[in-house]
$ cat input_33.cif   # mmCIF, C-alpha atoms and all ligand atoms
data_protein
loop_
_atom_site.label_atom_id
_atom_site.label_comp_id
_atom_site.auth_asym_id
_atom_site.auth_seq_id
_atom_site.Cartn_x
_atom_site.Cartn_y
_atom_site.Cartn_z
CA MET N 264 94.11 125.50 83.07
CA LYS N 265 92.39 122.82 85.12
CA SER N 266 91.55 123.59 88.73
CA LEU N 267 90.97 121.23 91.63
CA LEU N 268 89.16 122.23 94.81
CA ILE N 269 89.82 119.95 97.77
CA THR N 270 87.14 120.57 100.40
CA ASN N 271 86.66 119.66 104.06
CA ALA N 272 90.21 118.47 104.54
CA ARG N 273 92.09 118.72 107.81
CA VAL N 274 94.94 120.86 106.46
CA ILE N 275 98.42 120.60 107.95
CA ASP N 276 100.28 123.43 106.28
CA GLY N 277 103.84 122.32 107.08
CA SER N 278 104.69 125.39 109.17
CA GLY N 279 104.14 123.65 112.49
CA ALA N 280 100.75 125.37 112.93
CA GLU N 281 97.73 123.43 114.22
CA PRO N 282 95.65 121.81 111.47
CA ARG N 283 92.53 123.61 110.24
CA GLN N 284 89.57 122.27 108.35
CA GLN N 285 89.44 124.23 105.11
CA SER N 286 89.50 124.12 101.32
CA VAL N 287 92.54 124.23 99.08
CA LEU N 288 92.38 125.29 95.43
CA ILE N 289 95.00 123.95 93.04
CA CYS N 290 95.39 125.51 89.61
CA GLY N 291 98.01 124.19 87.19
CA ASP N 292 101.13 123.31 89.16
CA ARG N 293 100.44 125.70 92.07
CA ILE N 294 98.30 126.11 95.14
CA GLU N 295 96.20 129.10 94.16
CA ALA N 296 94.35 129.73 97.41
CA VAL N 297 93.61 128.26 100.84
CA GLY N 298 90.51 128.64 103.04
CA ALA N 299 87.69 131.09 102.26
CA ALA N 300 89.73 132.55 99.38
CA ALA N 301 89.84 129.09 97.80
CA ASP N 302 86.06 128.65 98.05
CA ALA N 303 85.47 132.14 96.66
CA ALA N 304 87.84 131.73 93.72
CA ALA N 305 86.42 128.29 92.92
CA SER N 306 82.80 129.44 92.81
CA ALA N 307 83.36 131.29 89.54
CA ARG N 308 85.73 128.73 88.05
CA GLU N 309 84.96 126.68 84.94
CA ASN N 310 86.77 123.42 84.38
CA LEU N 311 86.75 122.75 88.15
CA ARG N 312 87.10 119.31 89.73
CA ARG N 313 85.98 118.92 93.33
CA LEU N 314 87.34 116.40 95.80
CA ASP N 315 85.59 115.96 99.13
CA ALA N 316 88.25 115.10 101.71
CA THR N 317 86.06 114.77 104.80
CA GLY N 318 87.91 112.83 107.50
CA ARG N 319 91.22 113.09 105.67
CA THR N 320 94.34 115.17 106.08
CA LEU N 321 95.83 117.28 103.31
CA MET N 322 99.48 118.14 103.85
CA PRO N 323 102.65 118.85 101.91
CA GLY N 324 104.20 115.75 100.34
CA LEU N 325 107.04 114.36 102.41
CA ILE N 326 110.55 115.34 101.44
CA ASP N 327 113.13 112.65 102.14
CA GLY N 328 116.42 114.46 102.58
CA HIS N 329 118.53 111.32 102.46
CA CYS N 330 117.50 108.69 99.94
CA HIS N 331 120.01 106.50 98.09
CA ILE N 332 117.93 105.91 95.00
CA SER N 333 120.76 104.24 93.02
CA PHE N 334 121.66 101.55 95.58
CA ASP N 335 118.79 99.07 95.06
CA GLU N 336 118.71 97.77 98.63
CA PRO N 337 122.10 96.08 99.01
CA ASN N 338 122.91 93.83 101.94
CA SER N 339 126.47 95.07 102.24
CA ASN N 340 129.10 97.38 100.82
CA ASP N 341 130.48 94.31 99.02
CA GLU N 342 127.28 94.06 97.06
CA LEU N 343 126.99 97.80 96.48
CA PHE N 344 130.61 98.25 95.37
CA PHE N 345 131.19 95.11 93.31
CA HIS N 346 127.83 93.82 92.08
CA ARG N 347 126.34 96.82 90.35
CA ARG N 348 126.51 97.87 86.69
CA PRO N 349 125.84 101.44 85.53
CA GLY N 350 123.17 100.81 82.89
CA LEU N 351 121.15 98.40 84.99
CA ALA N 352 121.52 100.51 88.10
CA ALA N 353 120.00 103.47 86.25
CA ILE N 354 117.13 101.41 84.81
CA ILE N 355 116.34 99.92 88.23
CA ALA N 356 116.57 103.31 89.95
CA ALA N 357 113.97 104.62 87.50
CA GLN N 358 111.62 101.88 88.72
CA ASN N 359 112.46 102.23 92.41
CA ILE N 360 111.76 105.94 92.38
CA GLN N 361 108.10 105.16 91.59
CA LYS N 362 107.79 103.38 94.93
CA VAL N 363 109.15 106.45 96.68
CA LEU N 364 106.69 108.79 94.99
CA GLN N 365 103.76 106.43 95.58
CA ALA N 366 104.60 106.41 99.30
CA GLY N 367 103.78 110.12 99.41
CA VAL N 368 107.33 111.42 99.00
CA THR N 369 107.25 114.30 96.53
CA GLY N 370 110.90 115.31 96.94
CA ILE N 371 114.21 113.61 97.69
CA MET N 372 117.82 114.54 98.02
CA ASP N 373 120.25 111.84 96.90
CA ALA N 374 123.58 113.13 98.12
CA ASP N 375 125.79 110.49 96.51
CA SER N 376 125.00 107.80 93.98
CA ILE N 377 126.80 104.90 92.37
CA PHE N 378 128.12 105.86 88.94
CA GLU N 379 126.68 109.35 89.60
CA ILE N 380 123.30 108.08 88.43
CA GLY N 381 121.47 110.67 90.51
CA ILE N 382 122.33 113.36 87.98
CA ASP N 383 120.85 111.43 85.06
CA LEU N 384 117.81 110.35 87.03
CA ARG N 385 117.05 113.91 88.12
CA ASP N 386 117.34 115.11 84.51
CA ALA N 387 115.11 112.25 83.28
CA ILE N 388 112.47 113.14 85.89
CA GLU N 389 112.55 116.81 84.99
CA ALA N 390 112.19 115.94 81.29
CA ARG N 391 109.22 113.67 82.19
CA ILE N 392 110.96 110.59 80.78
CA VAL N 393 110.59 108.97 84.20
CA ASP N 394 107.93 109.83 86.77
CA GLY N 395 109.43 110.65 90.12
CA PRO N 396 109.59 113.15 92.95
CA ARG N 397 111.46 116.43 92.70
CA MET N 398 115.06 115.59 93.20
CA SER N 399 118.28 117.27 94.18
CA THR N 400 121.43 115.27 93.76
CA GLY N 401 125.11 115.04 94.50
CA ALA N 402 127.59 113.15 92.35
CA TYR N 403 130.30 110.98 93.96
CA ALA N 404 130.90 111.53 97.67
CA LEU N 405 134.42 112.79 98.27
CA TRP N 406 136.83 110.62 100.29
CA THR N 407 140.44 111.16 101.20
CA SER N 408 142.66 108.09 100.86
CA LEU N 409 141.85 107.34 104.51
CA GLY N 410 138.44 106.34 103.26
CA GLY N 411 135.01 106.47 104.81
CA THR N 412 132.43 104.04 106.08
CA ALA N 413 133.66 101.09 104.04
CA GLY N 414 137.15 100.55 105.45
CA ARG N 415 139.57 98.81 103.11
CA LEU N 416 136.95 98.35 100.42
CA ILE N 417 137.67 101.95 99.49
CA PRO N 418 140.55 102.13 97.01
CA ASP N 419 143.63 104.35 97.47
CA THR N 420 142.77 106.38 94.37
CA GLY N 421 139.86 106.77 91.96
CA SER N 422 136.17 105.95 92.32
CA ARG N 423 134.27 103.01 93.75
CA GLY N 424 130.60 102.63 94.55
CA TYR N 425 129.26 106.05 95.47
CA GLY N 426 132.57 107.76 96.18
CA MET N 427 135.74 109.25 94.73
CA VAL N 428 139.11 109.46 96.46
CA VAL N 429 140.76 112.88 96.17
CA SER N 430 144.32 113.53 97.31
CA GLY N 431 145.85 116.95 97.56
CA ARG N 432 144.58 120.39 96.67
CA ASP N 433 144.68 119.97 92.89
CA GLN N 434 142.56 116.83 92.91
CA ILE N 435 140.07 118.33 95.34
CA VAL N 436 139.54 121.43 93.21
CA THR N 437 139.42 119.47 89.95
CA GLU N 438 136.88 116.96 91.26
CA VAL N 439 134.56 119.57 92.79
CA ARG N 440 134.57 121.51 89.53
CA ARG N 441 134.05 118.33 87.48
CA GLN N 442 130.99 117.39 89.56
CA ILE N 443 129.53 120.87 89.23
CA LYS N 444 130.14 120.85 85.46
CA ASN N 445 128.21 117.58 85.27
CA GLY N 446 125.24 118.98 87.15
CA ALA N 447 125.62 118.22 90.87
CA ASP N 448 123.22 120.23 93.05
CA TRP N 449 125.28 119.43 96.14
CA ILE N 450 128.84 118.36 96.91
CA LYS N 451 129.05 115.63 99.57
CA VAL N 452 132.10 115.01 101.72
CA HIS N 453 132.65 111.92 103.87
CA VAL N 454 134.31 113.83 106.68
CA THR N 455 134.54 110.86 109.03
CA GLY N 456 134.77 107.12 108.46
CA LEU N 457 135.43 103.80 110.09
CA VAL N 458 139.10 102.92 109.78
CA PRO N 459 139.76 99.27 110.58
CA ARG N 460 142.05 98.72 113.59
CA HIS N 461 142.40 102.46 114.18
CA PRO N 462 143.24 103.01 117.86
CA LEU N 463 140.68 105.81 118.32
CA GLY N 464 137.75 103.49 117.53
CA GLY N 465 134.48 104.85 116.17
CA GLU N 466 134.64 107.08 113.11
CA VAL N 467 137.89 108.93 112.49
CA GLN N 468 138.03 112.38 110.89
CA SER N 469 139.65 111.92 107.50
CA TRP N 470 139.90 115.55 106.33
CA THR N 471 141.78 118.57 107.70
CA ARG N 472 139.96 121.83 108.24
CA ASP N 473 141.97 123.39 105.38
CA GLU N 474 140.94 120.64 102.98
CA LEU N 475 137.30 121.06 103.98
CA LYS N 476 137.54 124.79 103.46
CA LEU N 477 138.99 124.21 100.00
CA VAL N 478 135.99 122.04 99.06
CA CYS N 479 133.56 124.65 100.38
CA ASP N 480 135.32 127.63 98.80
CA THR N 481 135.56 125.92 95.40
CA ALA N 482 131.89 124.90 95.45
CA HIS N 483 130.62 128.18 96.88
CA GLU N 484 132.41 130.24 94.25
CA LEU N 485 130.20 128.36 91.79
CA GLY N 486 127.04 128.70 93.88
CA ILE N 487 126.84 125.07 94.95
CA PRO N 488 126.32 124.04 98.60
CA VAL N 489 128.28 121.36 100.46
CA LEU N 490 127.16 118.75 102.96
CA GLY N 491 129.32 116.60 105.18
CA HIS N 492 128.89 113.18 106.78
CA CYS N 493 130.07 113.85 110.36
CA ARG N 494 130.14 111.55 113.34
CA GLY N 495 132.15 113.19 116.07
CA ALA N 496 132.57 116.64 117.58
CA SER N 497 135.80 117.72 115.86
CA SER N 498 134.39 117.03 112.41
CA ILE N 499 131.35 119.20 113.13
CA ILE N 500 133.48 122.06 114.42
CA ASP N 501 135.81 121.91 111.42
CA CYS N 502 132.98 121.66 108.89
CA VAL N 503 131.21 124.68 110.33
CA ALA N 504 134.47 126.61 110.36
CA ALA N 505 135.01 125.62 106.73
CA GLY N 506 131.59 127.06 105.82
CA MET N 507 129.72 123.84 105.21
CA ASP N 508 126.02 124.26 104.46
CA LEU N 509 124.53 121.08 105.96
CA ILE N 510 125.81 118.58 108.53
CA LEU N 511 124.70 114.97 108.16
CA HIS N 512 124.31 112.82 111.30
CA ALA N 513 126.06 115.22 113.75
CA THR N 514 126.25 112.44 116.30
CA LEU N 515 128.68 112.36 119.25
CA MET N 516 128.51 116.14 119.63
CA ASP N 517 130.17 117.82 122.60
CA GLU N 518 129.38 121.27 124.08
CA ALA N 519 131.83 123.00 121.74
CA ALA N 520 130.29 121.38 118.65
CA LEU N 521 126.78 122.24 119.82
CA ASP N 522 127.92 125.79 120.42
CA VAL N 523 129.19 126.34 116.85
CA LEU N 524 126.02 124.84 115.37
CA VAL N 525 123.84 127.10 117.49
CA ARG N 526 125.95 130.16 116.76
CA THR N 527 125.87 129.63 112.98
CA LYS N 528 122.44 127.91 112.78
CA THR N 529 123.96 125.40 110.39
CA PRO N 530 121.23 122.90 109.42
CA VAL N 531 121.59 119.32 110.64
CA MET N 532 120.13 116.11 109.25
CA PRO N 533 120.55 113.29 111.79
CA VAL N 534 119.34 110.31 109.67
CA PHE N 535 118.53 107.82 112.41
CA THR N 536 116.20 105.55 110.46
CA PHE N 537 118.82 103.00 109.41
CA GLN N 538 119.96 102.57 113.02
CA ALA N 539 116.42 102.69 114.41
CA ASN N 540 115.36 99.91 112.06
CA LEU N 541 118.32 97.75 113.07
CA ILE N 542 117.70 98.40 116.76
CA ASP N 543 113.96 97.72 116.64
CA PHE N 544 113.76 94.99 114.02
CA GLY N 545 117.35 93.71 113.73
CA ALA N 546 116.66 90.58 115.75
CA THR N 547 114.04 89.57 113.18
CA ILE N 548 116.56 89.72 110.34
CA GLY N 549 119.54 88.24 112.22
CA ALA N 550 121.54 91.50 112.51
CA ASN N 551 124.73 91.65 114.55
CA ASP N 552 123.95 92.35 118.24
CA SER N 553 127.06 94.40 118.94
CA ILE N 554 126.33 96.78 116.04
CA ARG N 555 122.76 97.13 117.33
CA ALA N 556 124.04 98.02 120.81
CA MET N 557 126.42 100.60 119.31
CA PHE N 558 123.58 102.24 117.38
CA ARG N 559 121.28 102.24 120.41
CA ARG N 560 123.92 104.17 122.38
CA GLU N 561 124.48 106.55 119.48
CA ILE N 562 120.79 107.50 119.19
CA ALA N 563 120.32 107.86 122.94
CA ASP N 564 123.43 110.03 123.38
CA SER N 565 122.72 112.15 120.30
CA ALA N 566 119.03 112.74 120.96
CA VAL N 567 119.75 115.01 123.91
CA MET N 568 122.25 117.20 122.04
CA LEU N 569 120.16 117.38 118.86
CA ARG N 570 117.13 118.38 120.88
CA ARG N 571 119.13 121.19 122.45
CA ALA N 572 120.26 122.31 118.99
CA TYR N 573 116.67 122.26 117.75
CA ASP N 574 115.45 124.26 120.75
CA ALA N 575 118.17 126.84 120.08
CA GLY N 576 116.94 127.32 116.51
CA VAL N 577 119.17 124.97 114.49
CA PRO N 578 117.11 123.72 111.52
CA LEU N 579 116.60 119.96 111.79
CA LEU N 580 116.13 118.11 108.51
CA CYS N 581 114.59 114.73 107.96
CA GLY N 582 116.20 111.93 105.96
CA SER N 583 115.55 108.21 105.97
CA GLU N 584 118.64 106.50 104.48
CA SER N 585 116.25 104.57 102.24
CA GLY N 586 117.89 102.32 99.67
CA PHE N 587 119.51 99.60 101.78
CA SER N 588 118.14 96.13 102.57
CA ILE N 589 117.35 97.52 106.04
CA THR N 590 115.46 100.47 104.50
CA PRO N 591 113.71 99.38 101.29
CA TYR N 592 112.18 102.01 99.03
CA GLY N 593 108.64 103.08 99.77
CA ASP N 594 108.48 101.58 103.26
CA TRP N 595 110.45 103.78 105.66
CA HIS N 596 110.42 107.38 104.45
CA TYR N 597 108.09 108.36 107.32
CA ARG N 598 110.21 106.62 109.92
CA GLU N 599 112.55 109.49 110.73
CA LEU N 600 109.51 111.51 111.82
CA GLU N 601 108.65 108.72 114.23
CA VAL N 602 112.20 108.81 115.64
CA PHE N 603 112.03 112.60 115.97
CA VAL N 604 108.83 112.23 118.01
CA ARG N 605 109.90 109.23 120.07
CA ASP N 606 113.58 109.95 120.73
CA LEU N 607 113.91 113.73 120.32
CA GLY N 608 110.52 114.51 121.87
CA LEU N 609 109.28 116.68 119.02
CA THR N 610 105.53 116.99 118.56
CA PRO N 611 104.13 115.30 115.44
CA LEU N 612 103.54 118.75 113.90
CA GLN N 613 107.16 119.77 114.56
CA ALA N 614 108.40 116.53 112.99
CA ILE N 615 106.15 117.10 109.97
CA GLN N 616 107.53 120.63 109.63
CA CYS N 617 111.08 119.19 109.58
CA ALA N 618 110.09 116.78 106.78
CA THR N 619 108.29 119.39 104.69
CA GLN N 620 108.88 123.15 105.09
CA THR N 621 112.38 122.82 106.57
CA ASN N 622 113.39 120.00 104.23
CA ALA N 623 112.77 122.18 101.17
CA PHE N 624 116.32 123.36 101.92
CA ALA N 625 117.63 119.91 100.91
CA LEU N 626 115.89 120.28 97.55
CA ARG N 627 117.24 123.81 97.21
CA LEU N 628 113.60 124.86 96.83
CA GLN N 629 113.14 126.70 100.11
CA GLY N 630 109.96 128.75 100.18
CA ARG N 631 108.66 127.07 97.00
CA VAL N 632 107.64 123.60 98.22
CA GLY N 633 106.88 121.91 101.54
CA GLU N 634 103.99 124.19 102.52
CA VAL N 635 100.27 124.40 101.91
CA ALA N 636 100.01 128.09 101.10
CA ALA N 637 98.98 130.21 98.14
CA GLY N 638 101.65 130.40 95.47
CA LYS N 639 103.57 127.26 96.49
CA LEU N 640 104.04 124.32 94.15
CA ALA N 641 101.18 121.86 94.64
CA ASP N 642 103.16 118.90 96.01
CA LEU N 643 100.52 117.47 98.31
CA ILE N 644 99.28 114.25 99.85
CA LEU N 645 95.84 113.34 101.09
CA VAL N 646 96.03 110.92 103.99
CA ASP N 647 93.38 108.81 105.64
CA GLY N 648 93.91 109.63 109.32
CA ASP N 649 95.52 112.37 111.37
CA PRO N 650 99.33 112.55 111.23
CA SER N 651 99.21 115.53 113.61
CA ARG N 652 98.32 112.99 116.31
CA ASP N 653 100.28 109.99 115.05
CA VAL N 654 102.98 110.31 112.38
CA THR N 655 103.08 106.54 111.83
CA VAL N 656 99.90 106.74 109.75
CA LEU N 657 102.23 108.17 107.08
CA GLY N 658 103.97 104.79 106.97
CA ASP N 659 100.80 102.92 106.02
CA LYS N 660 100.61 103.04 102.24
CA SER N 661 96.94 102.05 102.25
CA ARG N 662 96.26 105.41 103.95
CA ILE N 663 98.04 107.51 101.29
CA LYS N 664 94.95 108.11 99.17
CA HIS N 665 96.14 110.78 96.74
CA VAL N 666 99.55 112.15 95.80
CA PHE N 667 99.85 115.37 93.81
CA LEU N 668 103.13 116.47 92.30
CA GLY N 669 103.04 119.96 90.89
CA GLY N 670 99.23 119.66 90.83
CA ARG N 671 99.34 116.43 88.80
CA GLU N 672 97.74 113.38 90.39
CA ILE N 673 100.05 110.37 90.62
CA ASP N 674 98.90 106.84 89.78
CA LEU N 675 99.22 104.82 92.99
CA ALA N 676 98.85 101.36 91.42
CA PRO N 677 101.96 99.43 92.49
CA SER N 678 104.38 98.00 89.91
CA PRO N 679 104.29 94.22 89.47
CA PRO N 680 106.85 92.27 91.55
CA ARG N 681 110.33 92.13 90.01
CA GLY N 682 113.32 89.83 90.05
CA ASP N 683 117.04 90.49 90.21
CA PRO N 684 119.34 90.41 87.18
CA PRO N 685 122.16 87.83 87.22
CA GLY N 686 125.05 88.71 89.53
CA TRP N 687 123.17 91.60 91.15
CA ARG N 688 123.17 90.26 94.73
CA VAL N 689 125.97 88.93 96.89
CA SER N 690 125.61 85.20 97.18
CA THR N 691 127.30 82.73 99.51
CA TYR N 692 128.21 79.10 99.11
CA GLY N 693 126.06 78.42 102.17
CA ALA N 694 126.98 77.77 105.80
CA ARG N 695 130.42 76.32 106.70
CA LEU N 696 130.55 72.64 105.89
CA SER N 697 132.58 71.02 108.65
CA ALA N 698 133.00 67.27 108.64
CA GLU N 699 130.56 67.03 111.57
CA VAL N 700 127.91 68.97 109.68
CA ALA N 701 128.48 66.79 106.63
CA ARG N 702 128.01 63.62 108.70
CA GLY N 703 124.74 65.01 110.00
CA GLY N 704 125.61 65.06 113.70
CA VAL N 705 125.79 68.85 114.07
CA LYS N 706 123.61 71.68 112.78
CA PRO N 707 125.47 74.20 110.57
CA ALA N 708 126.52 77.43 112.30
CA PRO N 709 125.02 80.70 111.02
CA PRO N 710 127.17 82.59 108.52
CA PRO N 711 130.14 84.41 110.09
CA ILE N 712 129.69 88.01 111.27
CA PRO N 713 131.87 90.42 109.31
CA THR N 714 134.62 92.00 111.39
CA ASP N 715 136.29 95.10 109.95
CA GLU N 716 134.51 96.32 106.86
CA LEU N 717 130.76 96.50 107.13
ZN ZN N 801 123.48 107.65 103.56
#

$ encode --input "input_33.cif" --output "structure tokens"
Amino acid sequence: MKSLLITNARVIDGSGAEPRQQSVLICGDRIEAVGAAADAAASARENLRRLDATGRTLMPGLIDGHCHISFDEPNSNDELFFHRRPGLAAIIAAQNIQKVLQAGVTGIMDADSIFEIGIDLRDAIEARIVDGPRMSTGAYALWTSLGGTAGRLIPDTGSRGYGMVVSGRDQIVTEVRRQIKNGADWIKVHVTGLVPRHPLGGEVQSWTRDELKLVCDTAHELGIPVLGHCRGASSIIDCVAAGMDLILHATLMDEAALDVLVRTKTPVMPVFTFQANLIDFGATIGANDSIRAMFRREIADSAVMLRRAYDAGVPLLCGSESGFSITPYGDWHYRELEVFVRDLGLTPLQAIQCATQTNAFALRLQGRVGEVAAGKLADLILVDGDPSRDVTVLGDKSRIKHVFLGGREIDLAPSPPRGDPPGWRVSTYGARLSAEVARGGVKPAPPPIPTDEL
């Protein structure tokens, strides 16, 4: 087997420990030794390649716990639900996943995919048909007929986009078992969703505690974990009571919700990147101001509670919501770390731990990846700069110098620019053509802002 000795690197091991300058020996798909043991083992090794990493940082590859690899950067749910075709979506996902890997992301969880493409993509990666990061995947997200975050675009029955409507106990059990039969690593439930004109405002809980427990019991009997999209305290409390394994977002927590998370140490993945990008850069892309204000409040309010959860020992996972037009593939996977540092007050090393060692949980590979330690899978990146001082260096692709996946070095040459197949994007006729605009006296108004369904 070929061995690689990386010397003089600043090693961040993913455990939250301070970096140390030392050597790392990779043999086959594993890290064989770190530090003096690596130098000693390498001295007698034939077939050894050496890589001098002076001035660079060696760390575990990033794990993105929330990446929608099948979406292909839609502008809206309209586009995602009505302008995608299964074959093309799979082919395009196989290309997009390269950008993710080349950005230094050696593992992703895709909790819900259109046409359940995640399952096929994961299998194609594992069979080495497509090169891509390690991947864990859900199938369709589960909705009740009340829907989720797409309002009336969600049908009353059946599947659309990334989700499936289930009604009643029989359908819930049947669908969970069907997804597990087809190879889902996780079951995802949309526990809350925006319901147009609903008097409560915000996201409404669309499942009862009994229904959630039925999902969890059915999945757990078959050894499969469940995650839930939760915005709002009652949804968090009910999901934890139901035995859910991972809470997504966990925004708008109250003291009671925080208390159950702390008591059970249920892992939480906030996924702020989508909102943070809209808040910070939304003006540049003409995003709706009232949505930006809503997100700003949500991050500010949630940061305090999530920080308290973290301090009390609740595992915090890192996911970027990559895959939308606001979060294109390859560009923003590091961004959640930046939000953890800026808004939650974590140190860079704590944020890196969330995105590596802790995030191995999302891959269902806890203790096997996400760490630089002897015996772990050699999923590593070599970065020009010091992410233990500034995590944003991880967002500069020119600084990601080497990516190793299971000890194998990844080609970082970018794919040539691509186009879009016919009918793939939502198009408009253009701005509203009033008579005044037509006569040339008035400038056309910008396109209307959507009201109910986002
Ligand atoms: Zn998402």

$ closest_atom_pairs --input "input_33.cif" --of "chain N" --to "ligand ZN 801 (chain N)" --cutoff "7 Å" --atoms "all atoms listed in the file" --output "JSON lines"
{"residue": "N:His329", "atom": "CA", "partner": "N:ZN801", "partner_atom": "ZN", "distance": 6.3}
{"residue": "N:His331", "atom": "CA", "partner": "N:ZN801", "partner_atom": "ZN", "distance": 6.6}
{"residue": "N:Glu584", "atom": "CA", "partner": "N:ZN801", "partner_atom": "ZN", "distance": 5.1}

$ residues_around --input "input_33.cif" --residues "Glu438 of chain N" --least-positions-apart "2" --cutoff "12 Å" --atoms "only C-alpha atoms" --output "VMD selection string"
chain N and resid 402 to 406 421 to 422 426 to 436 440 to 445 447 450 to 452 477 to 478 481 to 482

$ closest_residue --input "input_33.cif" --among "N:Ala504, N:Ile382, N:Leu457, N:Ala519" --to "Arg415 of chain N" --atoms "all atoms listed in the file"
N:Leu457

$ closest_atom_pairs --input "input_33.cif" --of "segment 414-447 of chain N" --to "segment 333-339 of chain N" --cutoff "12 Å" --atoms "only C-alpha atoms" --output "CSV"
residue,atom,partner,partner_atom,distance
N:Leu416,CA,N:Ser339,CA,11.1
N:Gly424,CA,N:Phe334,CA,9.1
N:Tyr425,CA,N:Phe334,CA,8.8

$ residues_around --input "input_33.cif" --residues "segment 298-300 of chain N" --least-positions-apart "3" --cutoff "7 Å" --atoms "only C-alpha atoms" --output "PyMOL selection string"
chain N and resi 285-287+303-304

$ residues_around --input "input_33.cif" --residues "Asp501 of chain N" --least-positions-apart "5" --cutoff "10 Å" --atoms "only C-alpha atoms" --output "list in words"
Val454, Gln468, Trp470, Thr471, Arg472, Asp473, Glu474, Leu475, Lys476, Cys493, Ala496, Gly506, Met507, Ala520 and Val523 of chain N

$ closest_residue --input "input_33.cif" --among "N:Pro459, N:Gly277, N:Gly411, N:Pro707" --to "Val635 of chain N" --atoms "only C-alpha atoms"
N:Gly277

$ residues_around --input "input_33.cif" --residues "Leu314 of chain N" --least-positions-apart "5" --cutoff "10 Å" --atoms "all atoms listed in the file" --output "mmCIF file with C-alpha atoms, keeping the file's coordinate frame"
data_model
loop_
_atom_site.group_PDB
_atom_site.id
_atom_site.type_symbol
_atom_site.label_atom_id
_atom_site.label_comp_id
_atom_site.auth_asym_id
_atom_site.auth_seq_id
_atom_site.Cartn_x
_atom_site.Cartn_y
_atom_site.Cartn_z
ATOM 1 C CA LEU N 267 90.970 121.230 91.630
ATOM 2 C CA LEU N 268 89.160 122.230 94.810
ATOM 3 C CA ILE N 269 89.820 119.950 97.770
ATOM 4 C CA THR N 270 87.140 120.570 100.400
ATOM 5 C CA ASN N 271 86.660 119.660 104.060
ATOM 6 C CA ALA N 272 90.210 118.470 104.540
ATOM 7 C CA SER N 286 89.500 124.120 101.320
ATOM 8 C CA VAL N 287 92.540 124.230 99.080
#

$ closest_residue --input "input_33.cif" --among "N:Val489, N:Met322, N:Val656, N:Ala694" --to "Ile294 of chain N" --atoms "all atoms listed in the file"
N:Met322

$ closest_residue --input "input_33.cif" --among "N:Ala566, N:Leu580, N:Ser588, N:Arg423" --to "His346 of chain N" --atoms "only C-alpha atoms"
N:Arg423

$ closest_residue --input "input_33.cif" --among "N:Thr527, N:Gly703, N:Ala550, N:Leu569" --to "His512 of chain N" --atoms "all atoms listed in the file"
N:Leu569

$ atom_distance --input "input_33.cif" --atom1 "atom CA of Ala513 of chain N" --atom2 "atom CA of Ala366 of chain N"
27.3 Å

$ atom_distance --input "input_33.cif" --atom1 "atom CA of Arg560 of chain N" --atom2 "atom CA of Thr514 of chain N"
10.5 Å

$ residues_around --input "input_33.cif" --residues "Ser583 of chain N" --least-positions-apart "5" --cutoff "7 Å" --atoms "all atoms listed in the file" --output "JSON, numbers by chain"
{"N": [327, 329, 330, 534, 536, 595, 596, 598, 599]}

$ atom_distance --input "input_33.cif" --atom1 "atom CA of Ala387 of chain N" --atom2 "atom CA of Trp687 of chain N"
23.5 Å

$ closest_residue --input "input_33.cif" --among "N:Gly414, N:Leu657, N:Ala618, N:Phe558" --to "Asp341 of chain N" --atoms "only C-alpha atoms"
N:Gly414
